[in-house]
Protein chains: 4
Amino acid sequence: MTTAASTTLVALLHGPDRPGLVARVAGWIFERGGNILHADQHRDMEAGVFFQRVEWVPAGEDASTEARAFLEFSTSLGMSARVASSEHRARVAIFVSKFDHCFHDLVLRWKAGEYACDIALVLSNHPDLMPVAVNYGLPFELVPVTAATKQAAEAQHLTLLKRERIDLVILARYMQVLSGEFLERFGRPVINIHHSFLPAFAGGRPYQQAHARGVKLIGATAHYATAVLDDGPIIQQDVARVTHRHSVEDLVRKGRDLEKLVLAQAVRWHLENRVLVYGKKTVVFD
Amino acid sequence: MTTAASTTLVALLHGPDRPGLVARVAGWIFERGGNILHADQHRDMEAGVFFQRVEWVPAGEDASTEARAFLEFSTSLGMSARVASSEHRARVAIFVSKFDHCFHDLVLRWKAGEYACDIALVLSNHPDLMPVAVNYGLPFELVPVTAATKQAAEAQHLTLLKRERIDLVILARYMQVLSGEFLERFGRPVINIHHSFLPAFAGGRPYQQAHARGVKLIGATAHYATAVLDDGPIIQQDVARVTHRHSVEDLVRKGRDLEKLVLAQAVRWHLENRVLVYGKKTVVFD
Amino acid sequence: MTTAASTTLVALLHGPDRPGLVARVAGWIFERGGNILHADQHRDMEAGVFFQRVEWVPAGEDASTEARAFLEFSTSLGMSARVASSEHRARVAIFVSKFDHCFHDLVLRWKAGEYACDIALVLSNHPDLMPVAVNYGLPFELVPVTAATKQAAEAQHLTLLKRERIDLVILARYMQVLSGEFLERFGRPVINIHHSFLPAFAGGRPYQQAHARGVKLIGATAHYATAVLDDGPIIQQDVARVTHRHSVEDLVRKGRDLEKLVLAQAVRWHLENRVLVYGKKTVVFD
Amino acid sequence: MTTAASTTLVALLHGPDRPGLVARVAGWIFERGGNILHADQHRDMEAGVFFQRVEWVPAGEDASTEARAFLEFSTSLGMSARVASSEHRARVAIFVSKFDHCFHDLVLRWKAGEYACDIALVLSNHPDLMPVAVNYGLPFELVPVTAATKQAAEAQHLTLLKRERIDLVILARYMQVLSGEFLERFGRPVINIHHSFLPAFAGGRPYQQAHARGVKLIGATAHYATAVLDDGPIIQQDVARVTHRHSVEDLVRKGRDLEKLVLAQAVRWHLENRVLVYGKKTVVFD
């Protein structure tokens with residue numbers, strides 16, 4: 001099989017709904033000799049918005065030209081679009097602090113071949129996980145953060161992310177809040193895992209809050225980070241049952257499993273270009 | 001089997017923890033010829049509180065005397081206790097408005113023998129479900145409620161509940177908020193079903209709130225009603241997965257199934273004397 | 001809105017995969033002035049089979065002509081297809097015996113507007129549920145079945161199903177096995193609910209089997225009935241957690257909730273033309 | 001706090017049910033100055049068997065004497081019992097082959113402090129995971145197995161297990177079947193993870209079997225290994241939802257997460273002395 005044959009493109013597009021969009025997109029690809037592997041549509045009937053994820057094998061040898069052509073075509077339909085090529089492996093940075101469970105989980109999945117990406121950088125405000133990262137053969141950068149140095153630290157983050165051409169940041173229980181200014185200047189997606197079923201128990205110490213309230217289920221939420229804390233578009237959530245027998249420590253332990261699974265799933269969907277953000281919500285084409 | 005033999009008592013007790021409580025309770029029952037069927041303990045290590053549910057067949061023929069003796073005994077241990085006898089079937093009132101799914105579900109379970117209680121009263125602020133209640137052979141009382149008549153309506157509720165010697169009120173999607181004064185004067189448990197995963201989306205229109213926030217799971221919560229809306233001790237919760245494909249109407253439909261299951265389970269636990277309230281939380285001995 | 005405008009067609013098609021199928025189907029509908037509301041595709045890569053569900057509003061006033069034209073078109077693509085029009089409400093027969101929980105559940109959902117169908121017939125081998133059916137305003141037919149009379153009973157079933165022009169039979173805990181001959185002569189789908197997680201515990205008394213094996217989850221399975229008992233294509237399955245504390249009676253009670261939910265979901269998907277059978281499996285476009 | 005004070009004993013006992021067992025056990029502990037932390041009972045009403053898990057802080061300094069005294073006492077009650085002391089850390093051997101997900105998961109949980117045990121041995125029939133084990137600082141033994149050498153290999157296993165005084169063997173996707181003779185001679189518990197919802201899909205290639213049957217849920221089952229393959233007492237099971245979109249490879253990937261969680265939970269319960277085997281079933285005091 002030639003390289004050209006195995007390259008696939010994935011487009012995520014959305015815009016005002018109107019008749020014929022499915023036919024026109026499929027027709028455009030077909031006429032240029034492409035072969036659609038998957039196509040998924042969604043209509044938000046109330047808002048009148050059309051969403052589509054389409055994955056295809058383009059004809060010809062130059063996938064990036066085809067991607068650009070598709071973007072022009074989708075603009076002509078009045079749609080916003082993003083096109084990803086399987087030729088480009090996403091470059092990922094993982095931010096960590098001291099908790100290591102999500103970090104181990106992500107790296108082991110990556111080593112098991114679950115994620116088509118490069119982990120180009122591990123960044124932390126603490127030195128604790130340096131040996132672990134090094135042991136996995138991953139580059140580790142220590143950027144301590146205090147209230148006084150936060151602005152400087154974020155500038156250093158941006159430099160590192162730019163240097164490594166990072167496409168995606170994963171906050172794997174990174175215990176610092178990123179400023180809205182940082183998020184804007186980075187300009188690319190940042191996935192966070194919050195250890196509660198948002199919007200319940202936003203903010204700090206959610207397991208303690210859940211224990212105090214006596215809930216019967218605890219949760220975890222993976223979402224894109226935005227300037228407002230714990231308020232970004234939700235990608236994935238899950239819950240686990242708890243009882244009065246569980247102490248806060250038990251909730252923390254059970255929560256670790258939830259956090260790992262929920263973050264891992266959100267990262268998979270993102271890397272497979274299955275997540276389309278609009279407004280405060282996501283459309284996940286799973 | 002004689003009546004005496006088949007009568008069982010269930011005690012729910014709690015109080016300051018100290019060594020020997022399990023032995024003393026079991027010893028007390030054993031010495032008086034009782035036979036323990038189930039005994040479940042819990043310790044809140046942080047608060048230093050001991051909780052127990054114990055179910056036994058008392059010797060002798062007079063279960064109510066035995067129940068009173070147990071209450072005295074538990075007081076001597078410094079414990080608060082409640083003792084229920086299988087000789088007393090709980091008398092239940094179901095409050096409804098227009099939604100009928102929880103009402104049908106509870107009544108059909110009751111007819112199928114799932115609940116050891118008498119449904120002594122169906123009370124509504126709307127006439128819509130009268131024919132349904134009558135068809136099930138249940139007494140129906142209409143008490144319309146407006147902002148102006150609320151106080152008078154609650155007085156009428158209390159009269160009816162007293163007349164029927166009601167032990168438990170179930171709010172089966174009853175669309176009026178009960179005042180703190182009513183709850184205090186009634187002085188017995190009131191179970192409510194809230195159509196969200198509390199504490200997320202308390203208050204009105206929770207499915208609309210959930211849809212707007214883009215959550216990936218919707219929930220339902222059964223709790224004891226207290227003076228603060230949607231803030232009482234949680235008995236049971238569950239969730240169901242939703243996606244961007246689901247409209248508010250779909251959430252409402254999926255939510256109906258959740259509400260039925262969660263309320264039915266909470267009512268079962270309550271009627272089986274498995275729920276112990278302390279502070280804002282419950283201990284459920286399931 | 002005119003009748004023509006609100007009529008929708010749903011096509012389920014499958015056949016050998018080849019490039020351009022998505023484009024050709026969408027193009028065909030678009031060229032004839034139709035508007036695609038939903039389109040979902042699936043490829044079985046190993047088997048090389050293409051599956052599609054497409055829902056659209058046809059132009060023009062005659063939806064049945066359009067449906068026939070689509071069938072011709074899909075044949076020209078080498079595809080098998082089925083087209084359902086929203087103008088035709090499915091006519092459903094529910095078979096029951098003595099258990100009433102699934103029956104109540106289906107009828108109450110139907111009355112709540114969850115199912116776009118007519119319940120044209122309730123058929124039973126026992127008289128027990130006759131008053132319930134009559135009370136719901138549903139026609140009830142009693143056809144007793146013994147080993148000796150089974151063949152004659154099935155002939156009578158076929159006569160009734162034909163007389164009522166039944167499109168779908170739902171076995172709502174109907175306790176007789178339908179013969180392969182009956183299924184073939186009826187020639188339309190029959191949905192059964194089996195009270196276990198198939199293929200575990202096929203055949204009789206599955207809750208007893210599950211209890212004896214000491215499983216930690218019990219299940220229910222809705223499937224299309226075929227000549228081989230409990231072996232037909234699975235539409236939906238779900239499970240519930242059980243422990244050593246649960247007796248067989250508890251499993252039966254918990255199982256009732258599972259059976260209701262699983263059968264209700266399978267019937268909904270079927271009536272919405274979301275289920276495509278191929279081989280021993282189903283593709284469910286949910 | 002002195003060592004003696006923090007030592008706890010856990011007894012698991014079962015035998016013919018009779019009145020007063022709860023009181024006599026609690027009384028025995030209380031009279032000797034012990035303090036019961038947890039006590040959980042279960043009665044199998046049909047079989048007339050009583051089960052109990054009781055955890056207490058014994059008075060005095062010699063917990064092992066107290067444990068022996070309890071065993072004598074329980075024998076006098078006609079009960080079988082096992083007593084574990086928190087002074088003895090279980091010594092565990094993990095058997096692996098080539099799959100590493102359960103192995104990583106167990107070791108990382110152990111390092112995170114979830115398991116009170118020593119991992120004294122990693123044993124494999126393949127050299128693949130040797131560097132991983134060594135990297136974790138764990139002793140690794142390679143014992144190749146072929147049909148011809150199986151008997152000799154199992155003799156070598158027994159020698160190693162005896163040398164390391166192993167209390168528990170965990171088969172973490174170990175791909176060899178252990179003989180009944182081996183299990184009998186080892187004489188201690190062996191926990192296996194089977195990658196299906198047993199009893200469905202016992203034996204080899206369960207994900208392929210599940211895919212071929214078109215099930216809508218896949219499962220994993222942790223059970224004690226017995227001489228009959230995949231037939232031992234079940235400790236824990238769980239399932240995950242799958243659809244027609246999932247290939248066998250997807251089932252394998254999703255199954256890995258199930259296998260990890262189910263095995264981890266079974267091992268935790270076992271190490272906390274919460275699992276009581278009787279007949280082909282388990283009582284899990286969670």
# chains A, B, ... in the order shown; residues from 1 in each chain; ligands from 1

call {"tool": "closest_atom_pairs", "arguments": {"of": "chain D", "to": "chain A", "cutoff": "12 Å", "atoms": "only C-alpha atoms", "output": "tab-separated table"}}
result
residue	atom	partner	partner_atom	distance
D:His38	CA	A:Arg245	CA	10.6
D:Phe99	CA	A:Ala112	CA	9.9
D:Asp100	CA	A:Ala112	CA	9.1
D:His101	CA	A:Leu108	CA	8.1
D:Cys102	CA	A:Leu108	CA	11.3
D:Phe103	CA	A:Leu108	CA	11.4
D:His104	CA	A:Leu108	CA	8.4
D:Asp105	CA	A:Asp105	CA	8.7
D:Val107	CA	A:His104	CA	11.5
D:Leu108	CA	A:His101	CA	8.1
D:Arg109	CA	A:His101	CA	8.8
D:Trp110	CA	A:His101	CA	11.9
D:Lys111	CA	A:His101	CA	10.6
D:Ala112	CA	A:His101	CA	8.6
D:Gly113	CA	A:Arg253	CA	10.0
D:Glu114	CA	A:Arg253	CA	8.1
D:Tyr115	CA	A:Arg253	CA	11.6
D:Val132	CA	A:Asn135	CA	10.9
D:Asn135	CA	A:Asn135	CA	8.8
D:Tyr136	CA	A:Asn135	CA	10.5
D:Val242	CA	A:Asp286	CA	11.5
D:Thr243	CA	A:Asp286	CA	10.7
D:Arg245	CA	A:Asp286	CA	9.2
D:His246	CA	A:Asp286	CA	10.5
D:Glu249	CA	A:Glu114	CA	10.9
D:Asp250	CA	A:Glu114	CA	10.1
D:Val252	CA	A:Glu114	CA	11.3
D:Arg253	CA	A:Glu114	CA	8.1
D:Lys254	CA	A:Gln265	CA	10.4
D:Arg256	CA	A:Arg109	CA	10.3
D:Asp257	CA	A:Leu261	CA	8.1
D:Leu258	CA	A:Leu261	CA	10.4
D:Lys260	CA	A:Asp257	CA	10.2
D:Leu261	CA	A:Asp257	CA	8.1
D:Val262	CA	A:Asp257	CA	11.5
D:Ala264	CA	A:Asp257	CA	10.5
D:Gln265	CA	A:Lys254	CA	10.4
D:Arg268	CA	A:Arg253	CA	12.0
D:Phe285	CA	A:Arg245	CA	11.9
D:Asp286	CA	A:Arg245	CA	9.2

call {"tool": "write_last_selection", "arguments": {"atoms": "N, CA, C and O atoms", "output": "short mmCIF file (atom, residue, chain, number, x, y, z; two decimals), in the first residue's frame"}}
result
data_model
loop_
_atom_site.label_atom_id
_atom_site.label_comp_id
_atom_site.auth_asym_id
_atom_site.auth_seq_id
_atom_site.Cartn_x
_atom_site.Cartn_y
_atom_site.Cartn_z
N HIS D 38 -15.52 -3.73 62.97
CA HIS D 38 -16.55 -4.02 61.96
C HIS D 38 -17.06 -5.42 62.19
O HIS D 38 -16.29 -6.32 62.56
N PHE D 99 1.07 -10.09 27.98
CA PHE D 99 0.24 -8.90 28.22
C PHE D 99 0.69 -8.22 29.50
O PHE D 99 0.88 -8.88 30.52
N ASP D 100 0.83 -6.92 29.45
CA ASP D 100 1.39 -6.23 30.62
C ASP D 100 0.41 -5.31 31.34
O ASP D 100 0.76 -4.75 32.39
N HIS D 101 -0.80 -5.13 30.82
CA HIS D 101 -1.67 -4.09 31.41
C HIS D 101 -2.07 -4.41 32.85
O HIS D 101 -2.03 -3.54 33.71
N CYS D 102 -2.48 -5.65 33.12
CA CYS D 102 -2.85 -5.98 34.51
C CYS D 102 -1.63 -5.94 35.42
O CYS D 102 -1.73 -5.55 36.59
N PHE D 103 -0.50 -6.31 34.90
CA PHE D 103 0.72 -6.31 35.70
C PHE D 103 1.08 -4.88 36.12
O PHE D 103 1.28 -4.59 37.31
N HIS D 104 1.16 -3.97 35.14
CA HIS D 104 1.42 -2.57 35.48
C HIS D 104 0.39 -2.06 36.49
O HIS D 104 0.73 -1.38 37.47
N ASP D 105 -0.85 -2.36 36.23
CA ASP D 105 -1.92 -1.83 37.08
C ASP D 105 -1.77 -2.30 38.52
O ASP D 105 -1.87 -1.51 39.46
N VAL D 107 0.94 -3.43 40.05
CA VAL D 107 2.16 -2.94 40.69
C VAL D 107 2.03 -1.45 41.03
O VAL D 107 2.43 -1.02 42.12
N LEU D 108 1.42 -0.67 40.13
CA LEU D 108 1.27 0.76 40.42
C LEU D 108 0.32 0.99 41.59
O LEU D 108 0.53 1.90 42.41
N ARG D 109 -0.73 0.18 41.68
CA ARG D 109 -1.63 0.30 42.84
C ARG D 109 -0.87 -0.06 44.12
O ARG D 109 -1.05 0.56 45.16
N TRP D 110 -0.08 -1.10 44.02
CA TRP D 110 0.70 -1.53 45.18
C TRP D 110 1.66 -0.42 45.61
O TRP D 110 1.75 -0.09 46.80
N LYS D 111 2.33 0.18 44.64
CA LYS D 111 3.25 1.27 44.96
C LYS D 111 2.50 2.48 45.52
O LYS D 111 3.06 3.25 46.31
N ALA D 112 1.25 2.66 45.09
CA ALA D 112 0.46 3.78 45.61
C ALA D 112 -0.11 3.48 46.99
O ALA D 112 -0.83 4.31 47.56
N GLY D 113 0.17 2.30 47.52
CA GLY D 113 -0.28 1.99 48.87
C GLY D 113 -1.66 1.39 48.96
O GLY D 113 -2.25 1.29 50.04
N GLU D 114 -2.22 0.93 47.81
CA GLU D 114 -3.58 0.38 47.86
C GLU D 114 -3.61 -1.02 48.45
O GLU D 114 -4.68 -1.46 48.91
N TYR D 115 -2.50 -1.74 48.40
CA TYR D 115 -2.49 -3.13 48.83
C TYR D 115 -1.51 -3.34 49.98
O TYR D 115 -0.32 -3.05 49.84
N VAL D 132 10.62 -5.01 32.66
CA VAL D 132 9.60 -4.21 33.36
C VAL D 132 9.62 -4.54 34.85
O VAL D 132 9.62 -3.65 35.70
N ASN D 135 12.73 -3.23 36.47
CA ASN D 135 12.62 -1.79 36.59
C ASN D 135 11.78 -1.39 37.80
O ASN D 135 12.02 -0.37 38.44
N TYR D 136 10.78 -2.20 38.11
CA TYR D 136 9.97 -1.95 39.31
C TYR D 136 10.67 -2.46 40.57
O TYR D 136 10.12 -2.34 41.66
N VAL D 242 -20.65 -2.15 24.28
CA VAL D 242 -20.04 -2.13 22.95
C VAL D 242 -21.14 -2.06 21.90
O VAL D 242 -22.30 -2.37 22.17
N THR D 243 -20.74 -1.65 20.70
CA THR D 243 -21.71 -1.56 19.61
C THR D 243 -21.13 -2.24 18.38
O THR D 243 -20.00 -2.72 18.39
N ARG D 245 -20.02 -0.84 16.01
CA ARG D 245 -18.85 -0.09 15.52
C ARG D 245 -17.55 -0.66 16.04
O ARG D 245 -16.49 -0.37 15.49
N HIS D 246 -17.60 -1.43 17.09
CA HIS D 246 -16.37 -1.93 17.69
C HIS D 246 -15.90 -3.21 17.03
O HIS D 246 -16.63 -4.19 16.95
N GLU D 249 -10.54 -5.76 17.83
CA GLU D 249 -9.44 -5.00 18.43
C GLU D 249 -9.97 -4.00 19.45
O GLU D 249 -9.36 -3.78 20.50
N ASP D 250 -11.09 -3.35 19.13
CA ASP D 250 -11.68 -2.41 20.08
C ASP D 250 -12.15 -3.14 21.34
O ASP D 250 -11.99 -2.63 22.44
N VAL D 252 -10.88 -5.79 22.56
CA VAL D 252 -9.67 -6.12 23.31
C VAL D 252 -9.20 -4.90 24.11
O VAL D 252 -8.87 -4.99 25.29
N ARG D 253 -9.21 -3.73 23.45
CA ARG D 253 -8.77 -2.51 24.14
C ARG D 253 -9.70 -2.16 25.29
O ARG D 253 -9.25 -1.89 26.41
N LYS D 254 -10.99 -2.15 25.02
CA LYS D 254 -11.94 -1.86 26.10
C LYS D 254 -11.87 -2.92 27.19
O LYS D 254 -12.03 -2.62 28.38
N ARG D 256 -9.27 -4.49 28.17
CA ARG D 256 -8.11 -4.28 29.05
C ARG D 256 -8.49 -3.44 30.27
O ARG D 256 -8.07 -3.74 31.39
N ASP D 257 -9.27 -2.38 30.04
CA ASP D 257 -9.69 -1.55 31.18
C ASP D 257 -10.56 -2.33 32.15
O ASP D 257 -10.41 -2.21 33.37
N LEU D 258 -11.46 -3.12 31.61
CA LEU D 258 -12.29 -3.96 32.48
C LEU D 258 -11.45 -4.93 33.28
O LEU D 258 -11.64 -5.11 34.49
N LYS D 260 -8.34 -4.82 34.17
CA LYS D 260 -7.58 -4.15 35.21
C LYS D 260 -8.45 -3.86 36.42
O LYS D 260 -8.08 -4.17 37.56
N LEU D 261 -9.61 -3.25 36.19
CA LEU D 261 -10.45 -2.83 37.31
C LEU D 261 -11.00 -4.03 38.09
O LEU D 261 -11.05 -4.01 39.32
N VAL D 262 -11.41 -5.05 37.35
CA VAL D 262 -12.05 -6.20 38.00
C VAL D 262 -11.01 -6.99 38.80
O VAL D 262 -11.25 -7.38 39.96
N ALA D 264 -8.15 -5.82 39.96
CA ALA D 264 -7.67 -4.98 41.08
C ALA D 264 -8.64 -5.03 42.25
O ALA D 264 -8.24 -5.10 43.41
N GLN D 265 -9.93 -5.00 41.95
CA GLN D 265 -10.93 -5.03 43.02
C GLN D 265 -10.95 -6.38 43.72
O GLN D 265 -11.06 -6.46 44.95
N ARG D 268 -7.97 -6.61 45.98
CA ARG D 268 -8.15 -5.77 47.17
C ARG D 268 -9.04 -6.49 48.19
O ARG D 268 -8.71 -6.57 49.37
N PHE D 285 -17.75 -9.59 51.78
CA PHE D 285 -18.15 -8.59 52.77
C PHE D 285 -17.50 -7.26 52.42
O PHE D 285 -16.40 -6.98 52.88
N ASP D 286 -18.16 -6.49 51.58
CA ASP D 286 -17.52 -5.23 51.15
C ASP D 286 -18.06 -4.06 51.93
O ASP D 286 -18.87 -4.21 52.82
#

call {"tool": "residues_around", "arguments": {"residues": "C:Leu183", "least_positions_apart": "3", "cutoff": "10 Å", "atoms": "only C-alpha atoms", "output": "list in words"}}
result
Glu154, Leu158, Leu178, Ser179, Gly180, Phe186, Gly187, Arg188, Pro189, Val190, Ala225, Thr226 and Ala227 of chain C

call {"tool": "select_by_dssp", "arguments": {"residues": "stretch 21-236 of chain A", "states": "strand (DSSP E)", "output": "MDAnalysis selection string"}}
result
chainID A and resid 35:44 49:57 80:85 90:96 117:124 140:142 168:171 190:194 217:224 234:236

call {"tool": "closest_residue", "arguments": {"among": "D:Leu168, D:Met175, D:Met130, D:Ala120", "to": "D:Thr146", "atoms": "only C-alpha atoms"}}
result
D:Met175

call {"tool": "residues_around", "arguments": {"residues": "stretch 71-78 of chain A", "least_positions_apart": "2", "cutoff": "10 Å", "atoms": "only C-alpha atoms", "output": "PyMOL selection string"}}
result
chain A and resi 11+13-18+21+24-25+28+65-69+80-83

call {"tool": "select_by_dssp", "arguments": {"residues": "stretch 60-277 of chain C", "states": "helix (DSSP H, G or I)", "output": "JSON, numbers by chain"}}
result
{"C": [63, 64, 65, 66, 67, 68, 69, 70, 71, 72, 73, 74, 75, 76, 101, 102, 103, 104, 105, 106, 107, 108, 109, 110, 111, 130, 131, 132, 133, 134, 135, 150, 151, 152, 153, 154, 155, 156, 157, 158, 159, 160, 161, 162, 163, 180, 181, 182, 183, 184, 185, 186, 206, 207, 208, 209, 210, 211, 212, 213, 248, 249, 250, 251, 252, 253, 254, 255, 256, 257, 258, 259, 260, 261, 262, 263, 264, 265, 266, 267, 268, 269, 270, 271]}

call {"tool": "residues_around", "arguments": {"residues": "D:Leu198", "least_positions_apart": "3", "cutoff": "9 Å", "atoms": "only C-alpha atoms", "output": "VMD selection string"}}
result
(chain C and resid 200 215) or (chain D and resid 194 to 195 201 to 202 219 to 221 230 to 231 234 237)

call {"tool": "write_last_selection", "arguments": {"atoms": "all heavy atoms", "output": "compact mmCIF listing (two decimals), in the first residue's frame"}}
result
# COMPACT_ATOMS: atom_id res chain seq x y z
N ALA C 200 -25.08 -16.37 28.38
CA ALA C 200 -25.11 -17.06 29.67
C ALA C 200 -26.55 -17.38 30.04
O ALA C 200 -27.42 -16.55 29.84
CB ALA C 200 -24.46 -16.18 30.74
N VAL C 215 -22.99 -15.57 40.24
CA VAL C 215 -22.54 -14.41 39.47
C VAL C 215 -22.76 -13.12 40.26
O VAL C 215 -23.59 -13.07 41.16
CB VAL C 215 -23.27 -14.30 38.10
CG1 VAL C 215 -22.83 -15.42 37.18
CG2 VAL C 215 -24.77 -14.30 38.29
N HIS D 194 -10.53 -13.63 33.96
CA HIS D 194 -10.97 -14.15 32.67
C HIS D 194 -11.62 -13.01 31.90
O HIS D 194 -12.44 -12.27 32.45
CB HIS D 194 -11.95 -15.30 32.85
CG HIS D 194 -12.38 -15.88 31.54
ND1 HIS D 194 -11.57 -16.70 30.79
CD2 HIS D 194 -13.52 -15.73 30.82
CE1 HIS D 194 -12.20 -17.04 29.67
NE2 HIS D 194 -13.38 -16.46 29.68
N HIS D 195 -11.29 -12.89 30.63
CA HIS D 195 -11.74 -11.73 29.88
C HIS D 195 -13.10 -11.94 29.22
O HIS D 195 -13.28 -11.70 28.03
CB HIS D 195 -10.69 -11.23 28.89
CG HIS D 195 -9.93 -12.28 28.16
ND1 HIS D 195 -9.44 -13.42 28.73
CD2 HIS D 195 -9.55 -12.35 26.86
CE1 HIS D 195 -8.80 -14.13 27.83
NE2 HIS D 195 -8.87 -13.51 26.70
N PHE D 201 -18.89 -17.38 27.31
CA PHE D 201 -17.58 -17.30 26.66
C PHE D 201 -16.44 -17.78 27.55
O PHE D 201 -15.41 -17.09 27.70
CB PHE D 201 -17.29 -15.88 26.16
CG PHE D 201 -18.42 -15.28 25.38
CD1 PHE D 201 -18.96 -14.04 25.72
CD2 PHE D 201 -18.99 -15.97 24.32
CE1 PHE D 201 -20.01 -13.50 25.01
CE2 PHE D 201 -20.06 -15.42 23.60
CZ PHE D 201 -20.56 -14.18 23.95
N ALA D 202 -16.61 -18.92 28.19
CA ALA D 202 -15.48 -19.54 28.86
C ALA D 202 -14.50 -20.03 27.79
O ALA D 202 -14.82 -20.08 26.61
CB ALA D 202 -15.95 -20.69 29.75
N GLY D 219 -17.54 -8.32 29.09
CA GLY D 219 -17.30 -8.39 30.53
C GLY D 219 -15.94 -8.93 30.88
O GLY D 219 -15.15 -9.33 30.01
N ALA D 220 -15.65 -8.90 32.17
CA ALA D 220 -14.47 -9.53 32.72
C ALA D 220 -14.86 -10.11 34.08
O ALA D 220 -15.73 -9.57 34.76
CB ALA D 220 -13.32 -8.54 32.87
N THR D 221 -14.20 -11.20 34.44
CA THR D 221 -14.56 -11.94 35.64
C THR D 221 -13.29 -12.33 36.40
O THR D 221 -12.43 -12.99 35.82
CB THR D 221 -15.33 -13.23 35.27
OG1 THR D 221 -16.48 -12.90 34.51
CG2 THR D 221 -15.75 -13.99 36.54
N ASP D 230 -12.11 -21.95 34.21
CA ASP D 230 -13.07 -20.84 34.20
C ASP D 230 -14.36 -21.17 34.93
O ASP D 230 -15.43 -20.64 34.59
CB ASP D 230 -13.40 -20.42 32.74
CG ASP D 230 -12.16 -19.93 32.01
OD1 ASP D 230 -11.23 -19.46 32.69
OD2 ASP D 230 -12.12 -20.03 30.78
N ASP D 231 -14.26 -22.03 35.93
CA ASP D 231 -15.47 -22.46 36.63
C ASP D 231 -15.39 -22.19 38.12
O ASP D 231 -16.28 -22.53 38.88
CB ASP D 231 -15.68 -23.96 36.37
CG ASP D 231 -17.07 -24.40 36.75
OD1 ASP D 231 -18.02 -23.71 36.34
OD2 ASP D 231 -17.20 -25.41 37.47
N ILE D 234 -16.68 -17.02 41.68
CA ILE D 234 -16.54 -15.66 41.13
C ILE D 234 -16.39 -14.66 42.27
O ILE D 234 -17.18 -14.65 43.20
CB ILE D 234 -17.76 -15.31 40.26
CG1 ILE D 234 -17.78 -16.20 39.01
CG2 ILE D 234 -17.76 -13.83 39.88
CD1 ILE D 234 -19.09 -16.13 38.22
N GLN D 237 -17.14 -9.11 38.93
CA GLN D 237 -17.41 -9.04 37.48
C GLN D 237 -17.81 -7.62 37.13
O GLN D 237 -18.39 -6.91 37.95
CB GLN D 237 -18.58 -9.97 37.10
CG GLN D 237 -18.39 -11.40 37.49
CD GLN D 237 -19.49 -12.31 36.92
OE1 GLN D 237 -20.60 -12.30 37.40
NE2 GLN D 237 -19.14 -13.09 35.92
